[in-house]
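Student: Pasting a structure here, questions to come.
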Amino acid sequence: MHDLTPGLSLFDYENEVICGVDEAGRGPLAGPVMAAAVILDPNRPIAGLRDSKKLSEAKRELLAVEIKEHALAWCIAECSEQEIDELNILQATMLAMRRAVEGLSVTPTLALIDGNRCPVMPVPSEAIVKGDDKVAAISAASILAKTARDHVLMQLHETYPQYALDQHKGYPTALHLERLREHGVSPIHRKSYAPVKALLK
């Protein structure tokens with residue numbers, strides 16, 4: 001595979017079918033946590049892949065379209081607010097990642113996971129800290145997870161406009177906390193998160 005940057009030369013992944021995996025939405029107070037898995041096509045390289053947080057929204061959207069068109073396989077999965085409250089955010093994130101990998105139309109031989117831990121799943125996996133800026137396939141997964149979650153939050157904004165989700169995407173900004181205090185907790189808020197839990201008492 002040729003989707004590894006020179007910065008990862010200490011790894012040798014020759015002859016592996018690699019999928020990159022990343023998540024979006026661990027920190028927000030509302031909405032699901034999303035994960036994506038991507039197997040890039042070495043014969044159809046995509047320019048400009050990097051950590052989604054370092055890209056403009058417009059650039060992310062353009063790259064997301066290109067990734068979906070050019071990748072060998074991709075899948076986006078999620079864990080709901082209810083699952084996050086039941087499992088905790090770490091376990092819910094791991095489950096969303098596993099769902100994304102298991103949903104791929106091509107079975108990878110190795111999953112490279114952004115971060116310092118891997119979900120339990122049938123595919124061998126390896127965690128790579130800051131992988132979303134080191135491995136192109138993880139960068140691609142980062143972009144798909146982020147854009148998909150933003151789209152979900154824009155849809156939720158139409159149902160719950162009072163929380164201004166279009167402006168903060170569920171993150172605990174001053175505006176979100178103010179609207180939360182003003183309007184109370186909605187069905188899409190994560191009730192296990194401290195600022196939300198405090199309002200339920």
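Naming scheme: A, B, ... for chains in displayed order of the structure tokens; residues 1 onward per chain; ligands 1 onward as shown.
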Which residues are near A:Tyr163? Cut-off 9 Å, only C-alpha atoms, ignore same chain within fewer than 4 positions. Put them as a PyMOL selection string.
Tutor: chain A and resi 157+170+175-180+183
Student: Once you have the residues from the selection above, write them out as a compact mmCIF listing (two decimals), in the first residue's frame, restricted to all heavy atoms.
Tutor:
# COMPACT_ATOMS: atom_id res chain seq x y z
N HIS A 157 -30.34 20.26 14.11
CA HIS A 157 -30.61 21.69 14.33
C HIS A 157 -32.01 22.06 13.83
O HIS A 157 -32.68 22.90 14.44
CB HIS A 157 -29.55 22.54 13.61
CG HIS A 157 -29.88 24.00 13.59
ND1 HIS A 157 -29.90 24.78 14.73
CD2 HIS A 157 -30.23 24.82 12.57
CE1 HIS A 157 -30.25 26.02 14.40
NE2 HIS A 157 -30.44 26.07 13.11
N GLY A 170 -22.84 20.87 18.81
CA GLY A 170 -23.02 20.10 20.03
C GLY A 170 -21.90 20.24 21.04
O GLY A 170 -22.02 19.74 22.17
N LEU A 175 -22.24 29.47 24.25
CA LEU A 175 -23.58 29.60 23.66
C LEU A 175 -24.41 28.34 23.92
O LEU A 175 -25.58 28.42 24.33
CB LEU A 175 -23.47 29.84 22.15
CG LEU A 175 -24.78 29.84 21.37
CD1 LEU A 175 -25.72 30.95 21.84
CD2 LEU A 175 -24.51 29.96 19.87
N HIS A 176 -23.82 27.18 23.70
CA HIS A 176 -24.55 25.93 23.90
C HIS A 176 -24.97 25.78 25.36
O HIS A 176 -26.12 25.42 25.67
CB HIS A 176 -23.69 24.74 23.46
CG HIS A 176 -24.43 23.45 23.42
ND1 HIS A 176 -23.82 22.25 23.17
CD2 HIS A 176 -25.75 23.15 23.60
CE1 HIS A 176 -24.72 21.28 23.19
NE2 HIS A 176 -25.90 21.80 23.46
N LEU A 177 -24.05 26.06 26.28
CA LEU A 177 -24.36 25.93 27.71
C LEU A 177 -25.47 26.90 28.12
O LEU A 177 -26.35 26.56 28.92
CB LEU A 177 -23.10 26.16 28.54
CG LEU A 177 -22.01 25.08 28.37
CD1 LEU A 177 -20.71 25.52 29.03
CD2 LEU A 177 -22.48 23.74 28.93
N GLU A 178 -25.42 28.08 27.53
CA GLU A 178 -26.46 29.09 27.82
C GLU A 178 -27.82 28.60 27.34
O GLU A 178 -28.82 28.67 28.08
CB GLU A 178 -26.08 30.40 27.12
CG GLU A 178 -27.10 31.52 27.26
CD GLU A 178 -26.79 32.67 26.31
OE1 GLU A 178 -25.62 33.11 26.27
OE2 GLU A 178 -27.71 33.10 25.59
N ARG A 179 -27.88 28.06 26.11
CA ARG A 179 -29.15 27.57 25.55
C ARG A 179 -29.63 26.33 26.31
O ARG A 179 -30.84 26.13 26.47
CB ARG A 179 -28.97 27.24 24.07
CG ARG A 179 -28.64 28.45 23.20
CD ARG A 179 -29.81 29.44 23.14
NE ARG A 179 -29.49 30.61 22.37
CZ ARG A 179 -29.64 30.73 21.05
NH1 ARG A 179 -30.11 29.71 20.35
NH2 ARG A 179 -29.34 31.85 20.42
N LEU A 180 -28.71 25.53 26.78
CA LEU A 180 -29.04 24.33 27.55
C LEU A 180 -29.72 24.72 28.86
O LEU A 180 -30.72 24.13 29.28
CB LEU A 180 -27.77 23.53 27.80
CG LEU A 180 -27.86 22.07 28.23
CD1 LEU A 180 -28.78 21.26 27.32
CD2 LEU A 180 -26.48 21.44 28.25
N HIS A 183 -33.28 26.25 27.88
CA HIS A 183 -34.31 25.37 27.30
C HIS A 183 -34.36 23.98 27.92
O HIS A 183 -35.26 23.20 27.61
CB HIS A 183 -34.10 25.24 25.78
CG HIS A 183 -34.20 26.56 25.07
ND1 HIS A 183 -35.40 27.20 24.85
CD2 HIS A 183 -33.23 27.36 24.53
CE1 HIS A 183 -35.17 28.35 24.20
NE2 HIS A 183 -33.87 28.46 23.99
Student: Rank A:Pro161, A:Gly115, A:Pro187, A:Pro122 by their smallest atom-to-atom distance to A:Ser142, using only C-alpha atoms, and report the top residue only.
Tutor: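 The answer is A:Gly115, which sits nearest to A:Ser142.
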Student: Report as a Markdown table: every residue of stretch 117-182 of chain A with an atom at most 9 Å from stretch 29-39 of chain A, its closest pair of atoms, and their distance in Å to one decimal, counting only C-alpha atoms, with rows sorted by chain and ascending residue number.
Tutor:
| residue | atom | partner | partner_atom | distance |
| --- | --- | --- | --- | --- |
| A:Ala137 | CA | A:Val38 | CA | 5.9 |
| A:Ile138 | CA | A:Val38 | CA | 7.3 |
| A:Ala140 | CA | A:Val38 | CA | 6.6 |
| A:Ala141 | CA | A:Ala36 | CA | 4.9 |
| A:Ser142 | CA | A:Ala36 | CA | 6.9 |
| A:Ile143 | CA | A:Ala36 | CA | 8.5 |
| A:Leu144 | CA | A:Ala36 | CA | 6.1 |
| A:Ala145 | CA | A:Ala36 | CA | 5.1 |
| A:Lys146 | CA | A:Met34 | CA | 7.6 |
| A:Ala148 | CA | A:Met34 | CA | 7.5 |
| A:Arg149 | CA | A:Met34 | CA | 6.1 |
| A:Val152 | CA | A:Gly31 | CA | 7.9 |
| A:Leu153 | CA | A:Gly31 | CA | 6.7 |
| A:Leu156 | CA | A:Gly31 | CA | 8.0 |
| A:Leu165 | CA | A:Ala30 | CA | 8.7 |
| A:Lys169 | CA | A:Ala30 | CA | 8.0 |
| A:Gly170 | CA | A:Ala30 | CA | 4.8 |
| A:Tyr171 | CA | A:Leu29 | CA | 5.8 |
| A:Pro172 | CA | A:Leu29 | CA | 6.1 |
| A:His176 | CA | A:Leu29 | CA | 8.9 |
Student: Could you name the residues that touch A:Ala100 at 12 Å or less, counting only C-alpha atoms, but leaving out those on the same chain fewer than 4 positions away, as a PyMOL selection string?
Tutor: chain A and resi 19-23+33-39+73-79+93-96+104-108+111+113+119+121+123+141+144-145
Student: Give me, please, the distance in Å between atom CA of A:Leu55 and atom CA of A:His151, quoted to one decimal.
Tutor: 16.3 Å
Student: Could you check how far atom CA of A:Arg117 sits from atom CA of A:Arg98, in Å to one decimal?
Tutor: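 Going from atom CA of A:Arg117 over to atom CA of A:Arg98 covers 12.4 Å.
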Student: Determine the nearest neighbour of A:Tyr193 from the options A:Asn88, A:Ser139, A:Asn15, A:Ser125, counting only C-alpha atoms.
Tutor: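 Residue with the minimum atom-to-atom distance to A:Tyr193: A:Asn88.
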